[in-house]
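Trainee: Pasting data.cif below, which is mmCIF, C-alpha atoms.
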data_my_file
#
loop_
_atom_site.group_PDB
_atom_site.id
_atom_site.type_symbol
_atom_site.label_atom_id
_atom_site.label_comp_id
_atom_site.auth_asym_id
_atom_site.auth_seq_id
_atom_site.Cartn_x
_atom_site.Cartn_y
_atom_site.Cartn_z
ATOM 1 C CA MET A 1 39.240 91.743 65.856
ATOM 2 C CA ASN A 2 42.063 89.439 65.021
ATOM 3 C CA ILE A 3 41.164 86.086 63.637
ATOM 4 C CA GLN A 4 43.279 83.089 63.034
ATOM 5 C CA PHE A 5 41.444 80.760 60.725
ATOM 6 C CA LYS A 6 41.624 77.058 60.713
ATOM 7 C CA LYS A 7 43.985 76.074 57.946
ATOM 8 C CA GLY A 8 42.402 75.936 54.556
ATOM 9 C CA VAL A 9 38.965 77.270 55.410
ATOM 10 C CA LEU A 10 39.231 80.313 53.185
ATOM 11 C CA GLU A 11 40.539 78.143 50.369
ATOM 12 C CA LEU A 12 37.549 75.920 50.874
ATOM 13 C CA CYS A 13 35.182 78.904 50.645
ATOM 14 C CA VAL A 14 36.786 80.103 47.426
ATOM 15 C CA LEU A 15 36.888 76.655 45.835
ATOM 16 C CA ALA A 16 33.304 75.939 46.877
ATOM 17 C CA LEU A 17 32.053 79.159 45.302
ATOM 18 C CA LEU A 18 33.986 78.420 42.133
ATOM 19 C CA THR A 19 32.567 74.914 41.911
ATOM 20 C CA LYS A 20 29.124 76.405 41.371
ATOM 21 C CA LYS A 21 30.128 79.000 38.820
ATOM 22 C CA ASN A 22 33.031 81.116 37.587
ATOM 23 C CA HIS A 23 33.473 84.385 39.404
ATOM 24 C CA TYR A 24 35.522 87.523 39.109
ATOM 25 C CA GLY A 25 37.603 88.624 42.086
ATOM 26 C CA TYR A 26 35.217 91.267 43.356
ATOM 27 C CA GLU A 27 32.325 88.808 43.503
ATOM 28 C CA LEU A 28 34.382 86.274 45.438
ATOM 29 C CA VAL A 29 35.561 88.882 47.905
ATOM 30 C CA ASN A 30 32.011 90.117 48.370
ATOM 31 C CA GLU A 31 30.485 86.694 48.856
ATOM 32 C CA ILE A 32 33.096 85.616 51.372
ATOM 33 C CA SER A 33 33.198 88.816 53.371
ATOM 34 C CA LYS A 34 29.415 88.597 53.747
ATOM 35 C CA SER A 35 29.852 85.615 56.046
ATOM 36 C CA VAL A 36 33.456 85.710 57.241
ATOM 37 C CA LEU A 37 35.088 88.648 58.970
ATOM 38 C CA ILE A 38 38.318 89.262 57.125
ATOM 39 C CA SER A 39 40.173 92.124 55.505
ATOM 40 C CA GLU A 40 38.908 91.776 51.972
ATOM 41 C CA GLY A 41 42.271 92.607 50.489
ATOM 42 C CA THR A 42 43.835 89.372 51.700
ATOM 43 C CA ILE A 43 41.632 87.270 49.454
ATOM 44 C CA TYR A 44 43.493 88.393 46.328
ATOM 45 C CA PRO A 45 46.867 87.008 47.463
ATOM 46 C CA LEU A 46 45.026 83.787 48.275
ATOM 47 C CA LEU A 47 43.603 83.685 44.745
ATOM 48 C CA ARG A 48 47.071 84.164 43.293
ATOM 49 C CA ARG A 49 48.398 81.317 45.378
ATOM 50 C CA LEU A 50 45.574 79.035 44.293
ATOM 51 C CA ARG A 51 46.382 79.924 40.699
ATOM 52 C CA ASP A 52 50.115 79.321 41.150
ATOM 53 C CA ASP A 53 49.376 75.926 42.649
ATOM 54 C CA GLY A 54 47.078 75.049 39.774
ATOM 55 C CA TYR A 55 43.804 74.884 41.687
ATOM 56 C CA VAL A 56 42.199 77.696 39.737
ATOM 57 C CA ASP A 57 42.676 79.290 36.333
ATOM 58 C CA THR A 58 42.041 82.815 35.184
ATOM 59 C CA TYR A 59 40.696 84.281 31.977
ATOM 60 C CA LEU A 60 39.527 87.677 30.824
ATOM 61 C CA GLU A 61 35.955 88.317 29.807
ATOM 62 C CA GLU A 62 34.367 91.439 28.401
ATOM 63 C CA SER A 63 31.901 93.088 30.730
ATOM 64 C CA PRO A 64 28.933 95.211 29.737
ATOM 65 C CA LYS A 65 30.458 97.996 31.818
ATOM 66 C CA GLY A 66 33.794 98.976 30.348
ATOM 67 C CA ALA A 67 37.047 97.079 30.925
ATOM 68 C CA PRO A 68 37.267 93.276 30.638
ATOM 69 C CA ARG A 69 37.172 91.455 33.938
ATOM 70 C CA LYS A 70 39.481 88.767 35.212
ATOM 71 C CA TYR A 71 37.482 85.641 35.968
ATOM 72 C CA TYR A 72 38.468 82.677 38.094
ATOM 73 C CA LYS A 73 37.641 79.124 37.164
ATOM 74 C CA ILE A 74 38.260 75.947 39.151
ATOM 75 C CA THR A 75 40.503 73.235 37.660
ATOM 76 C CA ASP A 76 40.225 69.455 38.063
ATOM 77 C CA LEU A 77 43.002 69.594 40.622
ATOM 78 C CA GLY A 78 41.031 72.300 42.422
ATOM 79 C CA LYS A 79 37.924 70.123 42.481
ATOM 80 C CA LYS A 80 39.864 67.298 44.050
ATOM 81 C CA MET A 81 41.265 69.708 46.628
ATOM 82 C CA LYS A 82 37.771 70.964 47.375
ATOM 83 C CA GLU A 83 36.541 67.417 48.049
ATOM 84 C CA GLU A 84 39.430 66.804 50.422
ATOM 85 C CA LEU A 85 38.994 70.082 52.276
ATOM 86 C CA THR A 86 35.255 69.527 52.557
ATOM 87 C CA LYS A 87 35.821 66.136 54.146
ATOM 88 C CA GLU A 88 38.337 67.634 56.566
ATOM 89 C CA TRP A 89 35.961 70.437 57.466
ATOM 90 C CA LEU A 90 33.012 68.125 58.053
ATOM 91 C CA THR A 91 35.030 65.883 60.336
ATOM 92 C CA PHE A 92 36.260 68.923 62.219
ATOM 93 C CA THR A 93 32.826 70.428 62.764
ATOM 94 C CA LYS A 94 31.380 67.042 63.667
ATOM 95 C CA ASN A 95 33.996 66.625 66.372
ATOM 96 C CA VAL A 96 33.498 70.120 67.735
ATOM 97 C CA LYS A 97 29.766 69.516 67.810
ATOM 98 C CA LYS A 98 30.314 66.331 69.735
ATOM 99 C CA ILE A 99 32.270 68.257 72.354
ATOM 100 C CA LEU A 100 29.681 71.021 72.528
ATOM 101 C CA GLU A 101 26.928 68.520 73.095
ATOM 102 C CA GLY A 102 29.015 66.926 75.803
ATOM 103 C CA GLY A 103 29.079 63.506 74.188
ATOM 104 C CA ARG A 104 29.828 60.932 76.834
ATOM 105 C CA GLU A 105 31.095 58.122 74.692
ATOM 106 C CA ASN A 106 34.860 57.892 74.601
ATOM 107 C CA GLU A 107 35.831 56.799 71.156
ATOM 108 C CA MET B 1 42.059 106.842 51.869
ATOM 109 C CA ASN B 2 41.037 107.021 48.229
ATOM 110 C CA LYS B 3 41.775 104.655 45.382
ATOM 111 C CA LYS B 4 44.840 106.485 44.169
ATOM 112 C CA ASP B 5 46.448 106.595 47.623
ATOM 113 C CA PHE B 6 45.676 102.962 48.283
ATOM 114 C CA LEU B 7 47.230 101.778 45.031
ATOM 115 C CA LYS B 8 50.205 104.068 45.434
ATOM 116 C CA GLN B 9 50.937 102.881 48.949
ATOM 117 C CA LEU B 10 50.465 99.266 48.005
ATOM 118 C CA SER B 11 52.813 99.750 45.083
ATOM 119 C CA GLU B 12 55.442 101.233 47.392
ATOM 120 C CA LYS B 13 55.173 98.320 49.791
ATOM 121 C CA LEU B 14 55.585 95.870 46.930
ATOM 122 C CA LYS B 15 59.142 96.939 46.285
ATOM 123 C CA GLY B 16 61.525 94.094 45.590
ATOM 124 C CA ILE B 17 59.327 91.978 43.339
ATOM 125 C CA SER B 18 59.348 91.847 39.552
ATOM 126 C CA ARG B 19 57.541 94.515 37.589
ATOM 127 C CA GLU B 20 55.127 92.043 35.971
ATOM 128 C CA ASP B 21 54.102 90.534 39.296
ATOM 129 C CA LYS B 22 53.628 93.966 40.773
ATOM 130 C CA GLN B 23 51.545 95.156 37.841
ATOM 131 C CA ASP B 24 49.482 91.992 37.994
ATOM 132 C CA ILE B 25 48.736 92.527 41.671
ATOM 133 C CA LEU B 26 47.945 96.220 41.252
ATOM 134 C CA ASN B 27 45.641 95.500 38.309
ATOM 135 C CA GLU B 28 43.647 93.144 40.458
ATOM 136 C CA TYR B 29 43.048 95.813 43.104
ATOM 137 C CA GLU B 30 42.346 98.439 40.512
ATOM 138 C CA GLN B 31 39.684 96.189 39.040
ATOM 139 C CA HIS B 32 38.257 95.755 42.522
ATOM 140 C CA PHE B 33 37.858 99.524 42.813
ATOM 141 C CA THR B 34 36.406 99.852 39.326
ATOM 142 C CA ILE B 35 33.702 97.260 39.944
ATOM 143 C CA GLY B 36 33.003 98.540 43.439
ATOM 144 C CA LEU B 37 32.534 102.072 42.155
ATOM 145 C CA ASP B 38 30.152 100.765 39.495
ATOM 146 C CA GLU B 39 28.115 99.302 42.312
ATOM 147 C CA SER B 40 27.971 102.775 43.822
ATOM 148 C CA ARG B 41 30.313 102.237 46.724
ATOM 149 C CA THR B 42 32.767 105.016 47.479
ATOM 150 C CA GLU B 43 36.537 104.860 47.076
ATOM 151 C CA GLU B 44 37.060 105.368 50.797
ATOM 152 C CA GLU B 45 34.652 102.625 51.701
ATOM 153 C CA LEU B 46 36.336 100.191 49.309
ATOM 154 C CA ALA B 47 39.852 101.039 50.462
ATOM 155 C CA ASP B 48 38.740 100.675 54.051
ATOM 156 C CA SER B 49 37.292 97.218 53.629
ATOM 157 C CA LEU B 50 40.256 96.016 51.612
ATOM 158 C CA GLY B 51 42.262 96.545 54.754
ATOM 159 C CA ASN B 52 45.872 97.334 55.467
ATOM 160 C CA HIS B 53 47.988 97.631 52.315
ATOM 161 C CA ASN B 54 51.026 96.618 54.324
ATOM 162 C CA GLU B 55 49.468 93.275 55.244
ATOM 163 C CA ILE B 56 48.435 92.688 51.668
ATOM 164 C CA ALA B 57 51.921 93.435 50.377
ATOM 165 C CA LYS B 58 53.487 91.104 52.936
ATOM 166 C CA LEU B 59 51.204 88.263 51.920
ATOM 167 C CA CYS B 60 51.891 88.816 48.225
ATOM 168 C CA LYS B 61 55.616 88.891 48.804
ATOM 169 C CA ALA B 62 55.581 85.777 50.958
ATOM 170 C CA ASN B 63 53.700 83.897 48.236
ATOM 171 C CA LEU B 64 56.069 85.070 45.529
ATOM 172 C CA PHE B 65 59.257 84.343 47.440
ATOM 173 C CA VAL B 66 58.082 80.895 48.466
ATOM 174 C CA LYS B 67 57.194 80.150 44.871
ATOM 175 C CA LYS B 68 60.622 81.310 43.779
ATOM 176 C CA ALA B 69 62.414 79.248 46.410
ATOM 177 C CA GLU B 70 60.432 76.291 45.173
ATOM 178 C CA GLU B 71 61.448 76.840 41.561
ATOM 179 C CA ILE B 72 65.075 77.784 42.063
ATOM 180 C CA ARG B 73 66.742 76.104 45.015
ATOM 181 C CA SER B 74 69.314 78.328 46.630
ATOM 182 C CA PRO B 75 70.232 79.346 50.157
ATOM 183 C CA SER B 76 69.402 82.989 49.481
ATOM 184 C CA ASN B 77 65.988 82.077 48.082
ATOM 185 C CA ILE B 78 65.028 79.975 51.067
ATOM 186 C CA PHE B 79 66.200 82.696 53.451
ATOM 187 C CA ARG B 80 64.123 85.265 51.628
ATOM 188 C CA ALA B 81 61.102 82.974 51.654
ATOM 189 C CA VAL B 82 61.506 82.348 55.369
ATOM 190 C CA PHE B 83 61.863 86.033 56.223
ATOM 191 C CA ALA B 84 58.944 87.037 54.034
ATOM 192 C CA THR B 85 56.736 84.412 55.660
ATOM 193 C CA ILE B 86 57.815 85.312 59.162
ATOM 194 C CA SER B 87 56.864 88.933 58.582
ATOM 195 C CA VAL B 88 53.305 87.942 57.722
ATOM 196 C CA GLY B 89 52.310 87.281 61.280
ATOM 197 C CA PHE B 90 53.107 86.425 64.806
ATOM 198 C CA PHE B 91 52.162 82.774 64.467
ATOM 199 C CA ASN B 92 54.484 82.278 61.557
ATOM 200 C CA MET B 93 57.281 83.747 63.594
ATOM 201 C CA ILE B 94 56.961 80.909 66.062
ATOM 202 C CA PHE B 95 56.022 78.097 63.742
ATOM 203 C CA ILE B 96 58.509 78.904 61.016
ATOM 204 C CA SER B 97 61.538 80.510 62.573
ATOM 205 C CA GLY B 98 61.762 77.916 65.356
ATOM 206 C CA PRO B 99 61.964 74.832 63.144
ATOM 207 C CA PHE B 100 64.064 76.725 60.614
ATOM 208 C CA ILE B 101 66.744 77.607 63.148
ATOM 209 C CA GLY B 102 66.614 74.062 64.491
ATOM 210 C CA LEU B 103 67.111 72.484 61.087
ATOM 211 C CA LEU B 104 69.815 74.969 60.194
ATOM 212 C CA GLY B 105 71.628 74.060 63.408
ATOM 213 C CA LEU B 106 71.269 70.356 62.705
ATOM 214 C CA LEU B 107 72.669 70.719 59.183
ATOM 215 C CA PHE B 108 75.455 72.969 60.372
ATOM 216 C CA GLY B 109 76.436 70.446 63.040
ATOM 217 C CA LEU B 110 76.402 67.529 60.637
ATOM 218 C CA PHE B 111 78.410 69.408 58.023
ATOM 219 C CA ALA B 112 80.945 70.476 60.619
ATOM 220 C CA ALA B 113 81.253 66.885 61.853
ATOM 221 C CA ALA B 114 81.672 65.561 58.301
ATOM 222 C CA ILE B 115 84.371 68.117 57.537
ATOM 223 C CA ALA B 116 86.147 67.469 60.830
ATOM 224 C CA ILE B 117 86.163 63.697 60.267
ATOM 225 C CA THR B 118 87.455 64.105 56.710
ATOM 226 C CA ALA B 119 90.120 66.530 57.853
ATOM 227 C CA SER B 120 91.256 64.276 60.691
ATOM 228 C CA GLY B 121 91.573 61.354 58.274
ATOM 229 C CA ILE B 122 93.667 63.368 55.855
ATOM 230 C CA THR B 123 95.867 64.801 58.595
ATOM 231 C CA GLY B 124 96.356 61.380 60.104
ATOM 232 C CA PHE B 125 97.274 59.942 56.736
ATOM 233 C CA PHE B 126 99.990 62.489 56.080
ATOM 234 C CA GLY B 127 101.056 62.410 59.683
ATOM 235 C CA ILE B 128 101.736 58.695 59.546
ATOM 236 C CA ILE B 129 103.577 58.942 56.233
ATOM 237 C CA TYR B 130 105.665 61.780 57.532
ATOM 238 C CA GLU B 131 106.439 59.912 60.675
ATOM 239 C CA SER B 132 107.311 56.656 58.938
ATOM 240 C CA LEU B 133 109.629 58.484 56.576
ATOM 241 C CA PHE B 134 111.554 60.397 59.167
ATOM 242 C CA TYR B 135 111.156 58.663 62.484
ATOM 243 C CA SER B 136 110.192 55.197 61.411
ATOM 244 C CA LYS B 137 111.219 53.649 64.702
ATOM 245 C CA TYR B 138 108.977 55.736 66.878
ATOM 246 C CA ILE B 139 105.441 55.446 65.715
ATOM 247 C CA VAL B 140 103.647 57.464 68.272
ATOM 248 C CA ILE B 141 100.204 55.960 68.017
ATOM 249 C CA GLY B 142 101.816 52.602 68.378
ATOM 250 C CA ILE B 143 100.310 50.723 65.472
ATOM 251 C CA ASN B 144 101.618 49.322 62.277
ATOM 252 C CA THR B 145 102.254 51.986 59.628
ATOM 253 C CA PHE B 146 100.173 50.250 56.977
ATOM 254 C CA ALA B 147 97.317 49.604 59.328
ATOM 255 C CA GLY B 148 97.494 53.270 60.310
ATOM 256 C CA ILE B 149 97.387 54.403 56.719
ATOM 257 C CA PHE B 150 94.387 52.230 55.948
ATOM 258 C CA ILE B 151 92.561 53.382 59.022
ATOM 259 C CA CYS B 152 93.128 57.006 57.987
ATOM 260 C CA ILE B 153 91.913 56.302 54.459
ATOM 261 C CA GLY B 154 88.867 54.686 55.992
ATOM 262 C CA ILE B 155 88.233 57.702 58.213
ATOM 263 C CA THR B 156 88.611 60.087 55.270
ATOM 264 C CA ALA B 157 86.221 58.024 53.178
ATOM 265 C CA SER B 158 83.583 57.895 55.888
ATOM 266 C CA GLY B 159 83.953 61.630 56.403
ATOM 267 C CA LEU B 160 83.333 62.188 52.710
ATOM 268 C CA LEU B 161 80.398 59.801 52.744
ATOM 269 C CA LEU B 162 78.868 61.699 55.630
ATOM 270 C CA LEU B 163 79.424 64.918 53.689
ATOM 271 C CA ILE B 164 77.594 63.518 50.669
ATOM 272 C CA GLY B 165 74.858 62.312 52.979
ATOM 273 C CA CYS B 166 74.572 65.829 54.419
ATOM 274 C CA ILE B 167 74.149 67.330 50.972
ATOM 275 C CA TYR B 168 71.318 64.900 50.230
ATOM 276 C CA LEU B 169 69.764 65.573 53.590
ATOM 277 C CA ALA B 170 69.960 69.319 52.971
ATOM 278 C CA LYS B 171 68.143 68.865 49.665
ATOM 279 C CA VAL B 172 65.423 66.734 51.164
ATOM 280 C CA LEU B 173 64.964 69.130 54.076
ATOM 281 C CA TYR B 174 64.770 72.048 51.650
ATOM 282 C CA THR B 175 61.842 70.490 49.816
ATOM 283 C CA LEU B 176 60.085 69.484 53.019
ATOM 284 C CA PHE B 177 60.563 72.875 54.585
ATOM 285 C CA ILE B 178 59.065 74.659 51.575
ATOM 286 C CA ARG B 179 56.059 72.399 51.909
ATOM 287 C CA TYR B 180 55.864 73.255 55.578
ATOM 288 C CA ILE B 181 55.994 76.994 54.864
ATOM 289 C CA LYS B 182 53.209 76.675 52.313
ATOM 290 C CA PHE B 183 51.139 74.754 54.811
ATOM 291 C CA ASN B 184 51.582 77.587 57.296
ATOM 292 C CA LEU B 185 50.771 80.263 54.765
ATOM 293 C CA ARG B 186 47.341 78.752 54.511
ATOM 294 C CA VAL B 187 46.529 80.311 57.843
ATOM 295 C CA ILE B 188 45.317 83.719 56.908
ATOM 296 C CA THR B 189 45.354 86.331 59.569
ATOM 297 C CA GLY B 190 42.637 88.867 59.102
ATOM 298 C CA LYS B 191 42.203 92.119 60.952
ATOM 299 C CA LYS B 192 39.009 94.001 60.996
#
As a first step, turn the structure in this file into C-alpha cells.
Mentor:
Amino acid sequence: MNIQFKKGVLELCVLALLTKKNHYGYELVNEISKSVLISEGTIYPLLRRLRDDGYVDTYLEESPKGAPRKYYKITDLGKKMKEELTKEWLTFTKNVKKILEGGRENE
Amino acid sequence: MNKKDFLKQLSEKLKGISREDKQDILNEYEQHFTIGLDESRTEEELADSLGNHNEIAKLCKANLFVKKAEEIRSPSNIFRAVFATISVGFFNMIFISGPFIGLLGLLFGLFAAAIAITASGITGFFGIIYESLFYSKYIVIGINTFAGIFICIGITASGLLLLIGCIYLAKVLYTLFIRYIKFNLRVITGKK
C-alpha cells in the first residue's frame, strides 16, 4: 500500500500527541502507527525536522530500564503550529464531509 | 532482518552526511530497538515495521541537505538539496524538478541577456571611439559621435543594472525555492 498523505497531517499527529504530554520516540511511533498506516521508520526523520525547525525540543531522561531515553517536548512555536494545522485539518474534513453528504448549496 | 543488519544497512545508506548527524540518527533507531525489545517484540518484527532503510536514509538526507542549503547559500548546496529531495519520491520528482528547471532556465536567460546587453554597450562604445579616431568622416551608424558614445554608456549601464537585478532575483528565488522544497517534504510517502 502506498499512501500519499495530505500535507502536514503526520506533523499534526505528532504535535497533537506532544501537546498532551512529552513522549519518547518509540511511544510516538507506536501511537501513530496504531491509527495510520505508515512505515514506522519515517517518523524519526519527521521528528528531526520538527526539532530543526524549532517546533519540538529534545531532552534525555533516565528510564527505569537501563539507558536514558530521548524525550520530545513541544515548544511554543510548535503549539502555534498545531493550532494552525488543526484549523486547516478541520476545514478540510468539513469540506470533504460536505461533498460526501452531497450538499446542494453552492457556496 | 535483525537489529544489527538494519542499523548496519542504514548506516551504509547514510554515507555523505556528517558523523555527528549519522550517529544521532543511528542512536534514535537503536533506542527504538532497545525499547521495543523490552516490550517483548522481536528484532525482526521491529525491523520489519520500521520499513525500508533506504527510504529512511533518503528522507534523513533530504532533511539535512535542505537545512544546509538554508544555512549556507551556495549553488552546490541547493543542487544537493534538490537532488536529495527528488530521490525521496515520485511526486517530488514532478513537483520539484519541474519548477527548479524552469526557474534555472529563467535565471540563465536573464543573466545571458544582461551580459549580452552589457557587452554590446561596451563594444559599441569602443567601436565608436575607434571609428571616430580613424575614420571620423564615415560614421557607419550615422549618428553623432557623442550621441553614440552616450547611448553606448547608457546601454552598458542598463545591462549592468539588469545584472544586479538578476543577482537579487536569484537570491530571492533561492529563499523561496527552499521554502517550497520544505513544503513538499511535508508529504510523507509511506509504504506498507
Trainee: Which residue, B:Ile86, B:Ile35, B:Cys166, B:Ile96, has the smallest gap to Glu27 of chain A when you use only C-alpha atoms?
Mentor: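 Answer, going by the shortest atom-to-atom distance: B:Ile35.
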Trainee: Please identify all residues of chain B having at least one atom at most 10 Å from any atom of chain A, considering all atoms listed in the file, and return them as a count of residues only.
Mentor: 43
Trainee: Can you spell out as an NGL selection string the set of residues that the PyMOL selection byres ((chain B and resi 13) around 8) selects in the structure I just provided?
Mentor: :B and (9-12 or 14-15 or 53-54 or 57)
Trainee: Hey, which of B:Ile115, B:Ala157, B:Cys152, B:Val88 ends up closest to Gly127 of chain B? Count all atoms listed in the file.
Mentor: B:Cys152
Trainee: Could you state which residues are captured by the PyMOL selection byres ((chain A and resi 58) around 8) in this file, as a ChimeraX atom specification?
Mentor: /A:51,56-57,59-60,70-73
Trainee: Would you kindly return, as number ranges by chain, each protein, DNA or RNA residue with an atom no farther than 12 Å from any atom of Leu12 of chain A, considering all atoms listed in the file and excluding same-chain residues fewer than 6 positions away?
Mentor: A: 5-6, 18-19, 32, 46-47, 50, 55, 74, 78-90; B: 186
Trainee: Please, what distance in Å, to one decimal, runs between atom CA of Asn144 of chain B and atom CA of Phe126 of chain B?
Mentor: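 A separation of 14.6 Å between them.
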Trainee: Since the input lacks some atoms of segment 38-62 of chain A, please model N, CA and C atoms and print them as a PDB file, in the coordinates of the input.
Mentor:
ATOM      1  N   ILE A  38      36.933  89.323  57.577  1.00  0.00           N
ATOM      2  CA  ILE A  38      38.318  89.262  57.125  1.00  0.00           C
ATOM      3  C   ILE A  38      38.616  90.537  56.345  1.00  0.00           C
ATOM      4  N   SER A  39      39.874  90.977  56.365  1.00  0.00           N
ATOM      5  CA  SER A  39      40.173  92.124  55.505  1.00  0.00           C
ATOM      6  C   SER A  39      40.077  91.618  54.080  1.00  0.00           C
ATOM      7  N   GLU A  40      39.222  92.274  53.313  1.00  0.00           N
ATOM      8  CA  GLU A  40      38.908  91.776  51.972  1.00  0.00           C
ATOM      9  C   GLU A  40      40.142  91.675  51.091  1.00  0.00           C
ATOM     10  N   GLY A  41      41.087  92.557  51.341  1.00  0.00           N
ATOM     11  CA  GLY A  41      42.271  92.607  50.489  1.00  0.00           C
ATOM     12  C   GLY A  41      43.110  91.344  50.516  1.00  0.00           C
ATOM     13  N   THR A  42      42.978  90.559  51.597  1.00  0.00           N
ATOM     14  CA  THR A  42      43.835  89.372  51.700  1.00  0.00           C
ATOM     15  C   THR A  42      43.324  88.211  50.853  1.00  0.00           C
ATOM     16  N   ILE A  43      42.137  88.364  50.283  1.00  0.00           N
ATOM     17  CA  ILE A  43      41.632  87.270  49.454  1.00  0.00           C
ATOM     18  C   ILE A  43      42.369  87.224  48.107  1.00  0.00           C
ATOM     19  N   TYR A  44      42.792  88.380  47.616  1.00  0.00           N
ATOM     20  CA  TYR A  44      43.493  88.393  46.328  1.00  0.00           C
ATOM     21  C   TYR A  44      44.825  87.634  46.364  1.00  0.00           C
ATOM     22  N   PRO A  45      45.652  87.836  47.396  1.00  0.00           N
ATOM     23  CA  PRO A  45      46.867  87.008  47.463  1.00  0.00           C
ATOM     24  C   PRO A  45      46.537  85.513  47.513  1.00  0.00           C
ATOM     25  N   LEU A  46      45.452  85.188  48.207  1.00  0.00           N
ATOM     26  CA  LEU A  46      45.026  83.787  48.275  1.00  0.00           C
ATOM     27  C   LEU A  46      44.677  83.267  46.878  1.00  0.00           C
ATOM     28  N   LEU A  47      43.976  84.087  46.113  1.00  0.00           N
ATOM     29  CA  LEU A  47      43.603  83.685  44.745  1.00  0.00           C
ATOM     30  C   LEU A  47      44.844  83.460  43.876  1.00  0.00           C
ATOM     31  N   ARG A  48      45.825  84.336  44.060  1.00  0.00           N
ATOM     32  CA  ARG A  48      47.071  84.164  43.293  1.00  0.00           C
ATOM     33  C   ARG A  48      47.753  82.856  43.649  1.00  0.00           C
ATOM     34  N   ARG A  49      47.745  82.551  44.938  1.00  0.00           N
ATOM     35  CA  ARG A  49      48.398  81.317  45.378  1.00  0.00           C
ATOM     36  C   ARG A  49      47.673  80.094  44.813  1.00  0.00           C
ATOM     37  N   LEU A  50      46.344  80.155  44.845  1.00  0.00           N
ATOM     38  CA  LEU A  50      45.574  79.035  44.293  1.00  0.00           C
ATOM     39  C   LEU A  50      45.867  78.865  42.805  1.00  0.00           C
ATOM     40  N   ARG A  51      46.075  80.000  42.132  1.00  0.00           N
ATOM     41  CA  ARG A  51      46.382  79.924  40.699  1.00  0.00           C
ATOM     42  C   ARG A  51      47.780  79.347  40.494  1.00  0.00           C
ATOM     43  N   ASP A  52      48.742  79.825  41.278  1.00  0.00           N
ATOM     44  CA  ASP A  52      50.115  79.321  41.150  1.00  0.00           C
ATOM     45  C   ASP A  52      50.180  77.820  41.400  1.00  0.00           C
ATOM     46  N   ASP A  53      49.346  77.355  42.332  1.00  0.00           N
ATOM     47  CA  ASP A  53      49.376  75.926  42.649  1.00  0.00           C
ATOM     48  C   ASP A  53      48.498  75.107  41.714  1.00  0.00           C
ATOM     49  N   GLY A  54      47.854  75.778  40.785  1.00  0.00           N
ATOM     50  CA  GLY A  54      47.078  75.049  39.774  1.00  0.00           C
ATOM     51  C   GLY A  54      45.685  74.627  40.199  1.00  0.00           C
ATOM     52  N   TYR A  55      45.158  75.242  41.265  1.00  0.00           N
ATOM     53  CA  TYR A  55      43.804  74.884  41.687  1.00  0.00           C
ATOM     54  C   TYR A  55      42.745  75.702  40.952  1.00  0.00           C
ATOM     55  N   VAL A  56      43.127  76.887  40.533  1.00  0.00           N
ATOM     56  CA  VAL A  56      42.199  77.696  39.737  1.00  0.00           C
ATOM     57  C   VAL A  56      42.933  78.251  38.517  1.00  0.00           C
ATOM     58  N   ASP A  57      42.141  78.687  37.551  1.00  0.00           N
ATOM     59  CA  ASP A  57      42.676  79.290  36.333  1.00  0.00           C
ATOM     60  C   ASP A  57      42.032  80.654  36.176  1.00  0.00           C
ATOM     61  N   THR A  58      42.681  81.522  35.417  1.00  0.00           N
ATOM     62  CA  THR A  58      42.041  82.815  35.184  1.00  0.00           C
ATOM     63  C   THR A  58      41.864  83.046  33.693  1.00  0.00           C
ATOM     64  N   TYR A  59      40.861  83.850  33.363  1.00  0.00           N
ATOM     65  CA  TYR A  59      40.696  84.281  31.977  1.00  0.00           C
ATOM     66  C   TYR A  59      40.006  85.641  31.978  1.00  0.00           C
ATOM     67  N   LEU A  60      40.155  86.356  30.892  1.00  0.00           N
ATOM     68  CA  LEU A  60      39.527  87.677  30.824  1.00  0.00           C
ATOM     69  C   LEU A  60      38.217  87.574  30.062  1.00  0.00           C
ATOM     70  N   GLU A  61      37.218  88.310  30.537  1.00  0.00           N
ATOM     71  CA  GLU A  61      35.955  88.317  29.807  1.00  0.00           C
ATOM     72  C   GLU A  61      35.426  89.743  29.739  1.00  0.00           C
ATOM     73  N   GLU A  62      34.925  90.091  28.573  1.00  0.00           N
ATOM     74  CA  GLU A  62      34.367  91.439  28.401  1.00  0.00           C
ATOM     75  C   GLU A  62      33.201  91.624  29.369  1.00  0.00           C
TER      76      GLU A  62
END
